[in-house]
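Notes for the one structure printed next.
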Amino acid sequence: MIYLDNAATTRPDPSVIQAMMPYLTEQFANPSAFYQEAVRVRMQIDLARQHAADLLGAAPGNIYFTAGGTEADNWALRAGAEMMREKGRHIITSSVEHPAVRNTARYLASCGYEVTFLPVDGRGRVDPDEVRAAIRPDTVLISVMHANNELGTIEPVREIGMAAREAGVLFHTDAVQTFGHIPIDPEECGISFLSASAHKLNGPKGVGLLYVAPGLRPGRLLYGGSQERSLRPGTENPAAIIGFGEAARLAALRMDEDAARIRTLRQDFIMELKSQIPGIRINGDEEQSLPGIVSVTFPSVSSETLLIRLDQHGICASAGSACSAGAIEPSPVLTACGMSEEQAKRTLRFSLGRENTAEEMEETVRVLRAVLSES
Ligand code: PLP
């Protein structure tokens, strides 16, 4: 198998699995209990929180574990809007957000909030000047992602964060695709809330986090006991949290080296695609991009057909479009960049990760060329 779908999820690192195993077997105590067995588990959860915080240059007290990126996004938008209710009911977001943000913003719109979905340029980038211009006296929250999951485009979060800070508006960024892959300093970027998810950095699924800036206390996500300082109650999942901590620890050690290596693989892949397959188009921003995401629009063949043919050769990629009710709908992210529906339906995303090799990328170009020449 050639796995080129690392933006969808990544393989858990063997050392993550090793770190998790004791907490799925012998060390099963409830971390809230009093006895030493439980205290040992609690200490490992605290250590995981420290590792996650270290990746952000933050204090562990600003990290709340959640059940993934979707949950963190929902919490940030709903709690952020609620915290500022007295000030107003206007929210700004972009037209290329993940459904976890887009659909939460739509839900808030159904509750009486007014939501501005800002356009992006052809590379999928939000213009910070447009964010500034969209801020009104009743604006309470801005949510713009750190990097886009379909295009890899990195958004100007620092400029947006500065605009939010100057205007006294909360700023959330969905960093699910970037946490552990490229650095981010939330304090320096004026970020109030940041979401991340373990399974995008070789950690386990079903665990993520919300970073909350010092001095802010969002409303509780759930009502229950005192876990996660009463804001996100429910018995913790120690194995998942400890696995996330290990993934974050590894990412801190490997980030620079991995990013440089993956970026080179990506550049070579793009060069080969351009030279061997006439008529293709590389989407997104070739400079301001995540190291591993390549979005390609192919001439003539639908992404559905290409995906099936690639799968027959053991190559896992994904369409830049979401499957709904059996029909492939064009991706709103791609159409927001000015692509026609027809072009969007001929677009694939290859997302490279820590384990990919130059040989795999060469093989992928070879298979693509063969498949395209047959059709
Ligand atoms: N946000 C972005 C940008 C994502 O890419 C994803 C996952 O695909 C999510 C949010 C959702 O994260 P999770 O799968 O942990 O719920």
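In the structure tokens, chains take letters A, B, ... by order of appearance, with residues numbered from 1 within each chain and ligands from 1 in the order shown.
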Enumerate as a CSV table (one decimal) with N, CA, C and O atoms, in the first residue's frame the residues within 9 Å of ligand 1, counting only C-alpha atoms and all ligand atoms.
chain,number,residue,atom,x,y,z
A,7,ALA,N,-3.7,13.5,5.5
A,7,ALA,CA,-4.5,14.6,6.0
A,7,ALA,C,-5.8,14.1,6.6
A,7,ALA,O,-6.5,14.7,7.4
A,8,ALA,N,-6.2,12.9,6.1
A,8,ALA,CA,-7.4,12.3,6.7
A,8,ALA,C,-7.1,11.7,8.0
A,8,ALA,O,-7.9,11.8,9.0
A,9,THR,N,-6.0,10.9,8.1
A,9,THR,CA,-5.6,10.4,9.3
A,9,THR,C,-4.2,9.8,9.1
A,9,THR,O,-3.8,9.6,8.0
A,67,ALA,N,-12.7,15.1,22.9
A,67,ALA,CA,-12.8,13.9,22.1
A,67,ALA,C,-12.5,14.1,20.6
A,67,ALA,O,-13.0,13.4,19.7
A,68,GLY,N,-11.6,15.1,20.3
A,68,GLY,CA,-11.2,15.3,18.9
A,68,GLY,C,-11.3,16.7,18.5
A,68,GLY,O,-11.7,17.6,19.2
A,69,GLY,N,-10.9,16.9,17.2
A,69,GLY,CA,-10.9,18.3,16.6
A,69,GLY,C,-12.3,18.8,16.5
A,69,GLY,O,-12.6,20.0,16.7
A,70,THR,N,-13.3,18.0,16.0
A,70,THR,CA,-14.6,18.4,15.8
A,70,THR,C,-15.2,19.0,17.1
A,70,THR,O,-15.8,20.1,17.1
A,71,GLU,N,-15.0,18.3,18.2
A,71,GLU,CA,-15.5,18.7,19.5
A,71,GLU,C,-14.9,20.0,19.9
A,71,GLU,O,-15.6,20.9,20.4
A,72,ALA,N,-13.6,20.1,19.7
A,72,ALA,CA,-12.9,21.4,20.1
A,72,ALA,C,-13.4,22.6,19.3
A,72,ALA,O,-13.6,23.7,19.8
A,73,ASP,N,-13.6,22.3,18.0
A,73,ASP,CA,-14.2,23.4,17.1
A,73,ASP,C,-15.5,23.8,17.6
A,73,ASP,O,-15.9,25.0,17.7
A,97,GLU,N,-13.5,26.8,5.7
A,97,GLU,CA,-13.4,26.1,6.9
A,97,GLU,C,-13.8,24.6,6.8
A,97,GLU,O,-14.7,24.3,6.0
A,98,HIS,N,-13.3,23.8,7.7
A,98,HIS,CA,-13.8,22.4,7.8
A,98,HIS,C,-15.2,22.4,8.3
A,98,HIS,O,-15.7,23.3,9.0
A,99,PRO,N,-16.0,21.4,7.9
A,99,PRO,CA,-17.4,21.3,8.3
A,99,PRO,C,-17.6,21.5,9.8
A,99,PRO,O,-18.6,22.0,10.3
A,100,ALA,N,-16.6,21.1,10.6
A,100,ALA,CA,-16.7,21.2,12.1
A,100,ALA,C,-16.9,22.7,12.5
A,100,ALA,O,-17.6,23.0,13.5
A,101,VAL,N,-16.3,23.6,11.7
A,101,VAL,CA,-16.5,25.0,12.0
A,101,VAL,C,-17.6,25.6,11.2
A,101,VAL,O,-18.5,26.3,11.7
A,145,MET,N,-9.1,29.1,10.0
A,145,MET,CA,-8.2,28.0,10.2
A,145,MET,C,-6.7,28.3,10.0
A,145,MET,O,-6.4,29.2,9.3
A,146,HIS,N,-5.9,27.5,10.7
A,146,HIS,CA,-4.4,27.8,10.5
A,146,HIS,C,-4.0,27.3,9.1
A,146,HIS,O,-3.2,28.0,8.5
A,147,ALA,N,-4.4,26.1,8.7
A,147,ALA,CA,-4.1,25.7,7.3
A,147,ALA,C,-5.2,24.8,6.8
A,147,ALA,O,-5.9,24.1,7.6
A,148,ASN,N,-5.5,24.9,5.6
A,148,ASN,CA,-6.6,24.2,5.0
A,148,ASN,C,-6.3,22.8,4.7
A,148,ASN,O,-5.3,22.4,4.2
A,149,ASN,N,-7.3,21.9,5.1
A,149,ASN,CA,-7.1,20.5,4.9
A,149,ASN,C,-7.2,19.9,3.5
A,149,ASN,O,-6.8,18.9,3.2
A,150,GLU,N,-7.8,20.7,2.6
A,150,GLU,CA,-7.9,20.2,1.2
A,150,GLU,C,-6.8,20.8,0.3
A,150,GLU,O,-6.4,20.1,-0.6
A,174,ASP,N,-8.6,26.8,13.9
A,174,ASP,CA,-8.6,25.4,13.8
A,174,ASP,C,-7.2,25.0,13.3
A,174,ASP,O,-6.9,25.2,12.1
A,175,ALA,N,-6.4,24.4,14.2
A,175,ALA,CA,-5.0,24.0,13.9
A,175,ALA,C,-4.9,22.5,13.7
A,175,ALA,O,-3.8,22.0,13.9
A,176,VAL,N,-6.0,21.9,13.4
A,176,VAL,CA,-6.0,20.4,13.3
A,176,VAL,C,-5.0,19.9,12.3
A,176,VAL,O,-4.3,18.9,12.6
A,177,GLN,N,-4.8,20.6,11.2
A,177,GLN,CA,-3.9,20.1,10.2
A,177,GLN,C,-2.4,20.5,10.5
A,177,GLN,O,-1.5,20.1,9.8
A,178,THR,N,-2.2,21.5,11.4
A,178,THR,CA,-0.9,22.0,11.6
A,178,THR,C,-0.2,21.6,12.9
A,178,THR,O,1.0,21.6,13.0
A,195,SER,N,-7.8,24.7,18.2
A,195,SER,CA,-8.2,23.3,18.2
A,195,SER,C,-7.2,22.4,17.6
A,195,SER,O,-6.6,22.8,16.6
A,196,ALA,N,-7.0,21.2,18.1
A,196,ALA,CA,-6.1,20.2,17.5
A,196,ALA,C,-6.6,18.8,17.8
A,196,ALA,O,-7.5,18.6,18.6
A,197,SER,N,-6.1,17.9,17.0
A,197,SER,CA,-6.6,16.5,17.1
A,197,SER,C,-5.4,15.5,16.9
A,197,SER,O,-4.5,15.7,16.1
A,198,ALA,N,-5.4,14.5,17.8
A,198,ALA,CA,-4.2,13.6,17.9
A,198,ALA,C,-4.0,12.8,16.7
A,198,ALA,O,-2.8,12.5,16.3
A,199,HIS,N,-5.1,12.4,16.0
A,199,HIS,CA,-4.9,11.4,14.9
A,199,HIS,C,-4.2,12.0,13.6
A,199,HIS,O,-3.9,11.3,12.7
A,200,LYS,N,-4.0,13.3,13.6
A,200,LYS,CA,-3.4,13.9,12.5
A,200,LYS,C,-1.9,14.0,12.7
A,200,LYS,O,-1.1,14.4,11.9
A,205,LYS,N,-7.1,8.1,17.5
A,205,LYS,CA,-8.3,8.8,17.1
A,205,LYS,C,-9.1,9.1,18.3
A,205,LYS,O,-9.0,8.4,19.4
A,206,GLY,N,-10.1,10.0,18.2
A,206,GLY,CA,-11.0,10.3,19.3
A,206,GLY,C,-10.4,11.1,20.5
A,206,GLY,O,-11.0,11.0,21.6
A,207,VAL,N,-9.4,11.8,20.3
A,207,VAL,CA,-8.8,12.6,21.3
A,207,VAL,C,-8.2,13.9,20.7
A,207,VAL,O,-7.6,13.8,19.6
A,208,GLY,N,-8.5,15.0,21.2
A,208,GLY,CA,-8.0,16.3,20.7
A,208,GLY,C,-7.9,17.3,21.9
A,208,GLY,O,-7.9,16.8,23.1
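Those residues that approach Ile242 of chain A to within 6 Å, counting only C-alpha atoms, are Ile45, Ala48 and Pro238 of chain A; same-chain residues fewer than 4 positions away are not listed.
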Polymer residues at most 10 Å from Pro22 of chain A, only C-alpha atoms, same-chain spacing of 4 or more positions, as an MDAnalysis selection string: chainID A and resid 17:18 26:28 41 238:239
Residues flagged strand (DSSP E or B) by DSSP in segment 29-125 of chain A, as a ChimeraX atom specification: /A:63-66,90-94,114-118
Between atom CA of Gly292 of chain A and atom CA of Tyr3 of chain A, distance in Å (one decimal):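 For atom CA of Gly292 of chain A relative to atom CA of Tyr3 of chain A, the distance reads 12.3 Å.
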Contact residues around Gln312 of chain A with only C-alpha atoms at 12 Å, ignoring same-chain residues under 3 positions, as JSON, numbers by chain: {"A": [1, 2, 305, 306, 307, 308, 309, 315, 316, 317, 367, 368, 371]}
Would you write out those residues with all heavy atoms, as a compact mmCIF listing (two decimals), in the first residue's frame?
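Produced file result-v4.txt, reproduced below:
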# COMPACT_ATOMS: atom_id res chain seq x y z
N MET A 1 0.84 -1.20 0.00
CA MET A 1 0.00 0.00 0.00
C MET A 1 0.88 1.26 0.00
O MET A 1 1.87 1.32 0.71
CB MET A 1 -0.88 0.00 1.26
CG MET A 1 -1.70 1.24 1.43
SD MET A 1 -2.82 1.21 2.84
CE MET A 1 -1.77 1.69 4.20
N ILE A 2 0.47 2.22 -0.83
CA ILE A 2 1.12 3.54 -0.76
C ILE A 2 0.10 4.48 -0.15
O ILE A 2 -0.92 4.79 -0.77
CB ILE A 2 1.57 4.02 -2.16
CG1 ILE A 2 2.59 3.04 -2.77
CG2 ILE A 2 2.15 5.43 -2.08
CD1 ILE A 2 3.10 3.43 -4.15
N THR A 305 -13.20 8.16 -10.68
CA THR A 305 -12.55 7.14 -11.51
C THR A 305 -11.08 7.00 -11.12
O THR A 305 -10.57 5.89 -10.96
CB THR A 305 -12.65 7.54 -13.01
OG1 THR A 305 -14.01 7.79 -13.29
CG2 THR A 305 -12.09 6.49 -13.94
N LEU A 306 -10.43 8.14 -10.95
CA LEU A 306 -9.01 8.10 -10.59
C LEU A 306 -8.79 7.39 -9.26
O LEU A 306 -7.88 6.57 -9.12
CB LEU A 306 -8.44 9.51 -10.50
CG LEU A 306 -8.02 10.16 -11.81
CD1 LEU A 306 -7.64 11.62 -11.58
CD2 LEU A 306 -6.83 9.42 -12.43
N LEU A 307 -9.65 7.69 -8.30
CA LEU A 307 -9.49 7.08 -6.97
C LEU A 307 -9.65 5.56 -7.04
O LEU A 307 -8.90 4.82 -6.40
CB LEU A 307 -10.52 7.64 -5.98
CG LEU A 307 -10.21 9.01 -5.41
CD1 LEU A 307 -11.30 9.43 -4.43
CD2 LEU A 307 -8.85 9.03 -4.70
N ILE A 308 -10.60 5.12 -7.84
CA ILE A 308 -10.82 3.67 -7.98
C ILE A 308 -9.60 3.02 -8.62
O ILE A 308 -9.09 2.00 -8.16
CB ILE A 308 -12.10 3.38 -8.80
CG1 ILE A 308 -13.33 3.87 -8.03
CG2 ILE A 308 -12.23 1.90 -9.17
CD1 ILE A 308 -14.62 3.91 -8.84
N ARG A 309 -9.09 3.66 -9.67
CA ARG A 309 -7.94 3.09 -10.38
C ARG A 309 -6.68 3.11 -9.50
O ARG A 309 -5.91 2.16 -9.48
CB ARG A 309 -7.69 3.86 -11.69
CG ARG A 309 -8.85 3.81 -12.66
CD ARG A 309 -9.05 2.44 -13.32
NE ARG A 309 -8.06 2.21 -14.35
CZ ARG A 309 -7.18 1.22 -14.36
NH1 ARG A 309 -7.18 0.35 -13.38
NH2 ARG A 309 -6.31 1.08 -15.33
N ILE A 315 -2.90 2.44 -4.04
CA ILE A 315 -2.55 3.82 -3.67
C ILE A 315 -3.78 4.49 -3.04
O ILE A 315 -4.85 4.54 -3.65
CB ILE A 315 -2.07 4.62 -4.90
CG1 ILE A 315 -0.81 3.94 -5.48
CG2 ILE A 315 -1.78 6.08 -4.53
CD1 ILE A 315 -0.31 4.55 -6.78
N CYS A 316 -3.60 4.98 -1.82
CA CYS A 316 -4.71 5.64 -1.10
C CYS A 316 -4.54 7.15 -1.20
O CYS A 316 -3.58 7.70 -0.67
CB CYS A 316 -4.71 5.27 0.37
SG CYS A 316 -4.66 3.51 0.68
N ALA A 317 -5.49 7.79 -1.88
CA ALA A 317 -5.52 9.26 -1.93
C ALA A 317 -6.95 9.67 -1.61
O ALA A 317 -7.76 8.83 -1.19
CB ALA A 317 -5.09 9.74 -3.30
N VAL A 367 1.85 5.44 -12.03
CA VAL A 367 0.49 4.88 -12.09
C VAL A 367 -0.48 5.93 -12.63
O VAL A 367 -1.30 5.63 -13.51
CB VAL A 367 0.04 4.36 -10.70
CG1 VAL A 367 -1.44 4.02 -10.69
CG2 VAL A 367 0.87 3.15 -10.27
N LEU A 368 -0.34 7.15 -12.16
CA LEU A 368 -1.25 8.21 -12.64
C LEU A 368 -1.12 8.39 -14.15
O LEU A 368 -2.10 8.51 -14.87
CB LEU A 368 -0.92 9.53 -11.94
CG LEU A 368 -1.50 9.72 -10.54
CD1 LEU A 368 -0.87 10.93 -9.86
CD2 LEU A 368 -3.02 9.89 -10.59
N VAL A 371 -2.78 5.44 -15.89
CA VAL A 371 -4.24 5.50 -15.79
C VAL A 371 -4.79 6.58 -16.72
O VAL A 371 -5.77 6.37 -17.43
CB VAL A 371 -4.67 5.77 -14.32
CG1 VAL A 371 -6.13 6.12 -14.22
CG2 VAL A 371 -4.33 4.58 -13.42
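In this comparison, which uses only C-alpha atoms, the residue of A:Leu55, A:Ile135, A:Pro332, A:Val365 approaching Leu253 of chain A most closely is A:Leu55.
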Shortest interatomic distance to Ile160 of chain A - which of A:Pro128, A:Pro31, A:Gly180, A:Pro186, counting only C-alpha atoms: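 Distance minimum relative to Ile160 of chain A lands on A:Pro128.
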Contact residues around Leu4 of chain A with only C-alpha atoms at 10 Å, ignoring same-chain residues under 5 positions, as a VMD selection string: chain A and resid 9 to 10 292 to 294 315 to 318 349 to 353 355 to 356 360 to 361 364
Contacts of Ile182 of chain A at 8 Å (only C-alpha atoms; same-chain gap of 4+ positions) as a ChimeraX atom specification: /A:178,255-256,259,290
d(atom CA of Gly243 of chain A, atom CA of Asn74 of chain A) in Å: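 Value for the atom CA of Gly243 of chain A-atom CA of Asn74 of chain A distance: 22.8 Å.
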